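Colleague: Structure in structure tokens, see below.
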Amino acid sequence: MYNSDVEALDAFAKKFTELRTEVAKIIVGQDDVVKNILISVFSDGHSLLIGVPGLAKTLTVHTIAEVLDLSFNRIQFTPDLMPSDIVGSEILDENRTFRFNRGPVFANIILADEINRTPPKTQSALLEAMQERSVTIAGTRHKLDLPFFVLATQNPIEQEGTYPLPEAQLDRFMFSINLDYPSYEEEIQVVKNTTSGIKSSVSKKMSAAEILYFQQLIRKIPIADNVLEYAVKLVNSTRPNQPNSPKSVNNYISWGAGPRASQYLVLGAKCNAAIKGKYSPDIEDVQQVALPVLRHRVFKNYKAEAQGLSIDTIISELF
């Protein structure tokens, strides 16, 4: 496709800018959110989007799927949702033979809307799909279409009737991305765009084959030993009662991040460097992806809760 990896990285940085510009035709503001979702896509990771209703989480994911020319399915997670409603099931057809009826998980991008509204049994139906890129029904393994991403949403306010995601499933997400309210100027633009008769549309800027190619390219980016060591040391420092644990972690953290966080920190830093036109990540690139990688893998204790400390504040002090 390209004559060299350097040429491919230059093309990737240019295409990434084009993707963000195209998404911005529909999504006003939320630049960091769009950037982080795209970084997780090209790092072959899943993302958890946390924000109150009405912040265009669904629209953002749908627009990104459209720009990337990927198939898209939205699954509304409810208390009565069953695992077979996600992955599919075997049905008896008119010839009295069992036939596999594919569920909505068979798409490139899955929007798992309000994933914490469904019981753990149904939540776990996504675990195999997220980790193995396949599902097993009646002993038969069915491979999912590649590339495959789960972008799940959560409402941080309304907790009644919800089932918190278990740590094992949280760890499957590369990023936890917080969505905030738009600024005053952005909200004016949103209202202007959505209450007029003019409808914006986006054009496709990339194919599935290109995404798979760039995913492999990101992994091939070299990283200096000192940057790799910094990433691992940063993750190590989130674990209480370790030799390198700072006082704030020992006082306020009950459980730190595991090795998967180190892997995603390095992958995210590589992609973050590539979109800025760099051929190798530095410590600044690690720091720029550290919060979304770590915030859902580090758990604060009652002392931190009592003092009103946020996970983001504790992690930022580690820099």
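Ordered as shown in the structure tokens, chains take letters A, B, and onward, while each chain numbers its residues from 1 and ligands are numbered from 1 in the order shown.
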Quick one: DSSP helix (DSSP H, G or I) residues in segment 75-286 of chain A, as an MDAnalysis selection string?
Modeller: chainID A and resid 83:87 115:117 120:123 125:132 167:170 184:194 208:220 225:236 247:252 259:275 283:286
Colleague: Since we have the selection now, will you write its residues out, keeping C-alpha atoms, as a compact mmCIF listing (two decimals), in the first residue's frame?
Modeller:
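Listing of result09.txt after writing:
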```txt
# COMPACT_ATOMS: atom_id res chain seq x y z
CA PRO A 83 -27.27 -13.04 26.14
CA SER A 84 -28.90 -14.54 23.03
CA ASP A 85 -30.30 -11.07 22.23
CA ILE A 86 -26.68 -9.94 21.77
CA VAL A 87 -24.75 -12.85 20.26
CA ILE A 115 -24.29 -1.21 29.41
CA ASN A 116 -24.70 -1.09 33.20
CA ARG A 117 -28.50 -1.44 32.95
CA PRO A 120 -23.96 -9.44 34.82
CA LYS A 121 -24.98 -12.61 32.91
CA THR A 122 -25.83 -10.52 29.85
CA GLN A 123 -22.88 -8.15 30.32
CA ALA A 125 -21.93 -12.16 26.82
CA LEU A 126 -19.79 -9.33 25.47
CA LEU A 127 -16.61 -10.50 27.25
CA GLU A 128 -15.66 -13.21 24.77
CA ALA A 129 -16.55 -10.99 21.82
CA MET A 130 -14.40 -8.14 23.16
CA GLN A 131 -11.39 -10.28 24.00
CA GLU A 132 -11.42 -13.07 21.40
CA GLU A 167 -13.53 -5.18 37.21
CA ALA A 168 -12.78 -7.99 34.72
CA GLN A 169 -15.04 -6.39 32.14
CA LEU A 170 -13.87 -2.83 32.87
CA TYR A 184 -21.95 28.19 25.79
CA GLU A 185 -20.75 28.94 22.23
CA GLU A 186 -20.79 25.23 21.28
CA GLU A 187 -24.31 24.79 22.64
CA ILE A 188 -25.53 27.73 20.54
CA GLN A 189 -24.00 26.06 17.48
CA VAL A 190 -25.59 22.69 18.38
CA VAL A 191 -29.05 24.22 18.78
CA LYS A 192 -28.65 26.23 15.55
CA ASN A 193 -27.61 23.10 13.61
CA THR A 194 -30.29 20.80 14.97
CA ALA A 208 -11.99 -1.52 6.89
CA ALA A 209 -8.85 -2.79 5.08
CA GLU A 210 -7.07 0.52 5.71
CA ILE A 211 -8.01 0.45 9.40
CA LEU A 212 -6.55 -3.06 9.79
CA TYR A 213 -3.40 -1.93 7.95
CA PHE A 214 -2.94 1.13 10.19
CA GLN A 215 -3.57 -0.97 13.33
CA GLN A 216 -0.58 -3.14 12.40
CA LEU A 217 1.45 -0.03 11.53
CA ILE A 218 0.83 1.49 14.98
CA ARG A 219 2.14 -1.69 16.66
CA LYS A 220 5.33 -1.52 14.56
CA ASP A 225 13.37 2.05 26.46
CA ASN A 226 13.08 5.03 28.81
CA VAL A 227 9.53 5.82 27.53
CA LEU A 228 8.49 2.16 27.88
CA GLU A 229 9.94 2.07 31.40
CA TYR A 230 8.12 5.30 32.27
CA ALA A 231 4.78 3.79 31.18
CA VAL A 232 5.32 0.63 33.25
CA LYS A 233 6.56 2.65 36.24
CA LEU A 234 3.47 4.88 36.02
CA VAL A 235 1.17 1.83 36.15
CA ASN A 236 3.24 0.31 38.98
CA LYS A 247 2.01 8.42 49.68
CA SER A 248 -1.19 9.57 47.93
CA VAL A 249 -1.69 6.09 46.41
CA ASN A 250 -1.08 4.30 49.72
CA ASN A 251 -3.55 6.64 51.44
CA TYR A 252 -6.35 6.80 48.86
CA PRO A 259 -0.37 -5.18 33.25
CA ARG A 260 -3.01 -4.63 30.55
CA ALA A 261 -2.89 -0.93 31.48
CA SER A 262 0.83 -0.84 30.62
CA GLN A 263 0.13 -2.44 27.23
CA TYR A 264 -2.62 0.05 26.40
CA LEU A 265 -0.50 2.99 27.64
CA VAL A 266 2.24 2.07 25.18
CA LEU A 267 -0.18 1.43 22.28
CA GLY A 268 -2.08 4.65 22.99
CA ALA A 269 1.16 6.64 23.21
CA LYS A 270 2.31 5.21 19.86
CA CYS A 271 -0.94 6.23 18.17
CA ASN A 272 -0.91 9.64 19.89
CA ALA A 273 2.60 10.23 18.54
CA ALA A 274 1.63 9.08 15.03
CA ILE A 275 -1.30 11.50 14.75
CA ILE A 283 6.87 10.63 27.77
CA GLU A 284 4.39 13.42 26.93
CA ASP A 285 2.47 11.01 24.66
CA VAL A 286 2.22 8.50 27.53
```
Colleague: Using only C-alpha atoms, which protein or nucleic acid residues come within 10 Å of Met206 of chain A? Drop anything in the same chain fewer than 2 positions from it, and give the result as an mmCIF file with C-alpha atoms, in the first residue's frame.
Modeller:
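Contents of selection-v9.cif, freshly written:
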```cif
data_model
loop_
_atom_site.group_PDB
_atom_site.id
_atom_site.type_symbol
_atom_site.label_atom_id
_atom_site.label_comp_id
_atom_site.auth_asym_id
_atom_site.auth_seq_id
_atom_site.Cartn_x
_atom_site.Cartn_y
_atom_site.Cartn_z
ATOM 1 C CA LYS A 15 -5.929 10.809 7.243
ATOM 2 C CA PHE A 16 -6.475 11.152 10.994
ATOM 3 C CA GLU A 18 -9.295 14.378 7.713
ATOM 4 C CA LEU A 19 -11.356 12.004 9.895
ATOM 5 C CA GLU A 66 -20.089 6.303 8.933
ATOM 6 C CA VAL A 67 -16.813 8.161 8.273
ATOM 7 C CA LEU A 68 -14.834 4.921 8.679
ATOM 8 C CA ASP A 69 -17.260 3.074 6.359
ATOM 9 C CA LEU A 70 -17.929 0.363 8.974
ATOM 10 C CA SER A 203 -18.373 11.252 3.460
ATOM 11 C CA LYS A 204 -16.434 8.022 3.934
ATOM 12 C CA ALA A 208 -11.989 -1.520 6.893
ATOM 13 C CA ALA A 209 -8.851 -2.792 5.083
ATOM 14 C CA GLU A 210 -7.068 0.517 5.714
ATOM 15 C CA ILE A 211 -8.011 0.451 9.397
#
```
Colleague: DSSP on the backbone: which residues in segment 97-173 of chain A end up as strand (DSSP E or B)? Give the answer as a PyMOL selection string.
Modeller: chain A and resi 98-102+109-113+134-137+140-143+149-154+173
Colleague: Write out the residues from the selection above, keeping N, CA and C atoms, as an mmCIF file, in the first residue's frame.
Modeller:
```cif
data_model
loop_
_atom_site.group_PDB
_atom_site.id
_atom_site.type_symbol
_atom_site.label_atom_id
_atom_site.label_comp_id
_atom_site.auth_asym_id
_atom_site.auth_seq_id
_atom_site.Cartn_x
_atom_site.Cartn_y
_atom_site.Cartn_z
ATOM 1 N N PHE A 98 -31.051 -27.203 12.722
ATOM 2 C CA PHE A 98 -30.698 -26.005 13.480
ATOM 3 C C PHE A 98 -29.847 -25.068 12.621
ATOM 4 N N ARG A 99 -30.220 -23.814 12.667
ATOM 5 C CA ARG A 99 -29.493 -22.787 11.911
ATOM 6 C C ARG A 99 -29.155 -21.642 12.854
ATOM 7 N N PHE A 100 -27.909 -21.135 12.746
ATOM 8 C CA PHE A 100 -27.477 -20.053 13.629
ATOM 9 C C PHE A 100 -28.007 -18.715 13.116
ATOM 10 N N ASN A 101 -28.745 -18.043 13.974
ATOM 11 C CA ASN A 101 -29.283 -16.722 13.662
ATOM 12 C C ASN A 101 -28.394 -15.674 14.320
ATOM 13 N N ARG A 102 -27.622 -14.936 13.520
ATOM 14 C CA ARG A 102 -26.626 -14.012 14.066
ATOM 15 C C ARG A 102 -27.277 -12.846 14.800
ATOM 16 N N ILE A 109 -18.733 -2.025 14.437
ATOM 17 C CA ILE A 109 -18.813 -1.172 15.628
ATOM 18 C C ILE A 109 -20.124 -1.454 16.352
ATOM 19 N N ILE A 110 -20.012 -1.801 17.632
ATOM 20 C CA ILE A 110 -21.180 -2.060 18.464
ATOM 21 C C ILE A 110 -21.307 -0.935 19.482
ATOM 22 N N LEU A 111 -22.448 -0.272 19.490
ATOM 23 C CA LEU A 111 -22.723 0.701 20.545
ATOM 24 C C LEU A 111 -23.544 -0.007 21.617
ATOM 25 N N ALA A 112 -22.922 -0.272 22.752
ATOM 26 C CA ALA A 112 -23.613 -0.911 23.873
ATOM 27 C C ALA A 112 -24.167 0.203 24.758
ATOM 28 N N ASP A 113 -25.401 0.596 24.486
ATOM 29 C CA ASP A 113 -25.980 1.771 25.139
ATOM 30 C C ASP A 113 -26.421 1.433 26.562
ATOM 31 N N SER A 134 -14.726 -13.264 18.828
ATOM 32 C CA SER A 134 -15.548 -14.404 18.402
ATOM 33 C C SER A 134 -16.596 -14.681 19.473
ATOM 34 N N VAL A 135 -17.631 -15.448 19.116
ATOM 35 C CA VAL A 135 -18.625 -15.896 20.096
ATOM 36 C C VAL A 135 -18.820 -17.401 19.917
ATOM 37 N N THR A 136 -19.147 -18.074 21.016
ATOM 38 C CA THR A 136 -19.367 -19.520 20.973
ATOM 39 C C THR A 136 -20.827 -19.822 21.285
ATOM 40 N N ILE A 137 -21.500 -20.462 20.341
ATOM 41 C CA ILE A 137 -22.908 -20.825 20.502
ATOM 42 C C ILE A 137 -23.033 -22.328 20.298
ATOM 43 N N THR A 140 -20.067 -24.201 19.063
ATOM 44 C CA THR A 140 -19.485 -23.785 17.780
ATOM 45 C C THR A 140 -18.977 -22.348 17.882
ATOM 46 N N ARG A 141 -17.740 -22.141 17.426
ATOM 47 C CA ARG A 141 -17.134 -20.809 17.505
ATOM 48 C C ARG A 141 -17.416 -20.039 16.214
ATOM 49 N N HIS A 142 -17.938 -18.835 16.380
ATOM 50 C CA HIS A 142 -18.239 -17.996 15.227
ATOM 51 C C HIS A 142 -17.360 -16.750 15.294
ATOM 52 N N LYS A 143 -16.545 -16.525 14.271
ATOM 53 C CA LYS A 143 -15.663 -15.368 14.255
ATOM 54 C C LYS A 143 -16.442 -14.110 13.876
ATOM 55 N N PHE A 149 -15.105 -3.309 17.254
ATOM 56 C CA PHE A 149 -14.964 -2.434 18.432
ATOM 57 C C PHE A 149 -16.274 -2.376 19.193
ATOM 58 N N VAL A 150 -16.161 -2.379 20.517
ATOM 59 C CA VAL A 150 -17.322 -2.125 21.373
ATOM 60 C C VAL A 150 -17.139 -0.740 21.985
ATOM 61 N N LEU A 151 -18.110 0.122 21.752
ATOM 62 C CA LEU A 151 -18.125 1.443 22.375
ATOM 63 C C LEU A 151 -19.352 1.467 23.275
ATOM 64 N N ALA A 152 -19.119 1.387 24.572
ATOM 65 C CA ALA A 152 -20.220 1.279 25.532
ATOM 66 C C ALA A 152 -20.461 2.625 26.201
ATOM 67 N N THR A 153 -21.718 2.910 26.550
ATOM 68 C CA THR A 153 -22.029 4.162 27.241
ATOM 69 C C THR A 153 -22.584 3.866 28.629
ATOM 70 N N GLN A 154 -22.344 4.831 29.529
ATOM 71 C CA GLN A 154 -22.883 4.753 30.882
ATOM 72 C C GLN A 154 -23.364 6.138 31.298
ATOM 73 N N PHE A 173 -11.825 -2.697 28.471
ATOM 74 C CA PHE A 173 -11.904 -1.427 27.752
ATOM 75 C C PHE A 173 -10.550 -0.733 27.789
#
```
Colleague: Using only C-alpha atoms, find the one residue out of A:Thr97, A:Thr238, A:Ser89, A:Ser207 that sits nearest to Ala65 of chain A.
Modeller: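 Ranking A:Thr97, A:Thr238, A:Ser89, A:Ser207 by distance to Ala65 of chain A, first place goes to A:Ser207.
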Colleague: Find the spatial neighbours of Gly51 of chain A, counting only C-alpha atoms, within a cut-off of 12 Å - ignore same-chain residues fewer than 2 positions away - and output them as a VMD selection string.
Modeller: chain A and resid 30 33 48 to 49 53 to 58 113 to 114 152 to 158 176 to 182
Colleague: If you keep C-alpha atoms, can you produce a file of those selected residues as a tab-separated table (two decimals), in the first residue's frame?
Modeller:
```tsv
chain	number	residue	atom	x	y	z
A	30	GLN	CA	-16.05	17.09	21.92
A	33	VAL	CA	-13.65	12.63	22.90
A	48	LEU	CA	-16.35	3.22	27.59
A	49	LEU	CA	-18.11	6.59	27.19
A	53	PRO	CA	-27.98	11.94	28.53
A	54	GLY	CA	-28.12	14.37	25.63
A	55	LEU	CA	-24.38	14.79	25.01
A	56	ALA	CA	-24.53	13.09	21.57
A	57	LYS	CA	-22.76	9.88	22.61
A	58	THR	CA	-24.82	7.76	20.19
A	113	ASP	CA	-25.98	1.77	25.14
A	114	GLU	CA	-26.21	2.02	28.95
A	152	ALA	CA	-20.22	1.28	25.53
A	153	THR	CA	-22.03	4.16	27.24
A	154	GLN	CA	-22.88	4.75	30.88
A	155	ASN	CA	-24.98	7.41	32.61
A	156	PRO	CA	-23.02	8.50	35.73
A	157	ILE	CA	-26.04	10.09	37.45
A	158	GLU	CA	-28.93	7.63	37.49
A	176	SER	CA	-12.75	5.29	29.78
A	177	ILE	CA	-13.75	8.61	28.20
A	178	ASN	CA	-15.62	11.29	30.14
A	179	LEU	CA	-18.01	13.51	28.16
A	180	ASP	CA	-18.64	16.99	29.55
A	181	TYR	CA	-21.26	19.62	28.79
A	182	PRO	CA	-20.57	21.78	25.72
```
Colleague: Which polymer residues have any atom within 8 Å of an atom of Met174 of chain A, counting only C-alpha atoms, with same-chain residues fewer than 4 positions away left out, as a CSV table (one decimal) with C-alpha atoms, in the first residue's frame?
Modeller:
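After the write, out.csv holds the following:
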```csv
chain,number,residue,atom,x,y,z
A,40,SER,CA,-8.7,3.4,20.6
A,45,GLY,CA,-9.2,-1.3,21.7
A,46,HIS,CA,-12.7,-0.7,23.1
A,47,SER,CA,-13.9,2.4,24.8
A,261,ALA,CA,-2.9,-0.9,31.5
A,264,TYR,CA,-2.6,0.1,26.4
A,292,PRO,CA,-8.4,7.5,29.9
A,293,VAL,CA,-6.3,4.3,30.3
```
Colleague: May I ask for the distance between atom CA of Thr21 of chain A and atom CA of Leu146 of chain A, given in Å to one decimal place?
Modeller: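 That distance, rounded to one decimal, is 24.7 Å.
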Colleague: Calculate how many Å separate atom CA of Asp312 of chain A from atom CA of Gly258 of chain A, rounding to one decimal.
Modeller: 17.3 Å
Colleague: Return the single residue from A:Thr60, A:Ala107, A:Thr78, A:Glu90 that is closest to Tyr163 of chain A, with distances computed using only C-alpha atoms.
Modeller: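 With only C-alpha atoms as the atom set, the closest residue is A:Thr78.
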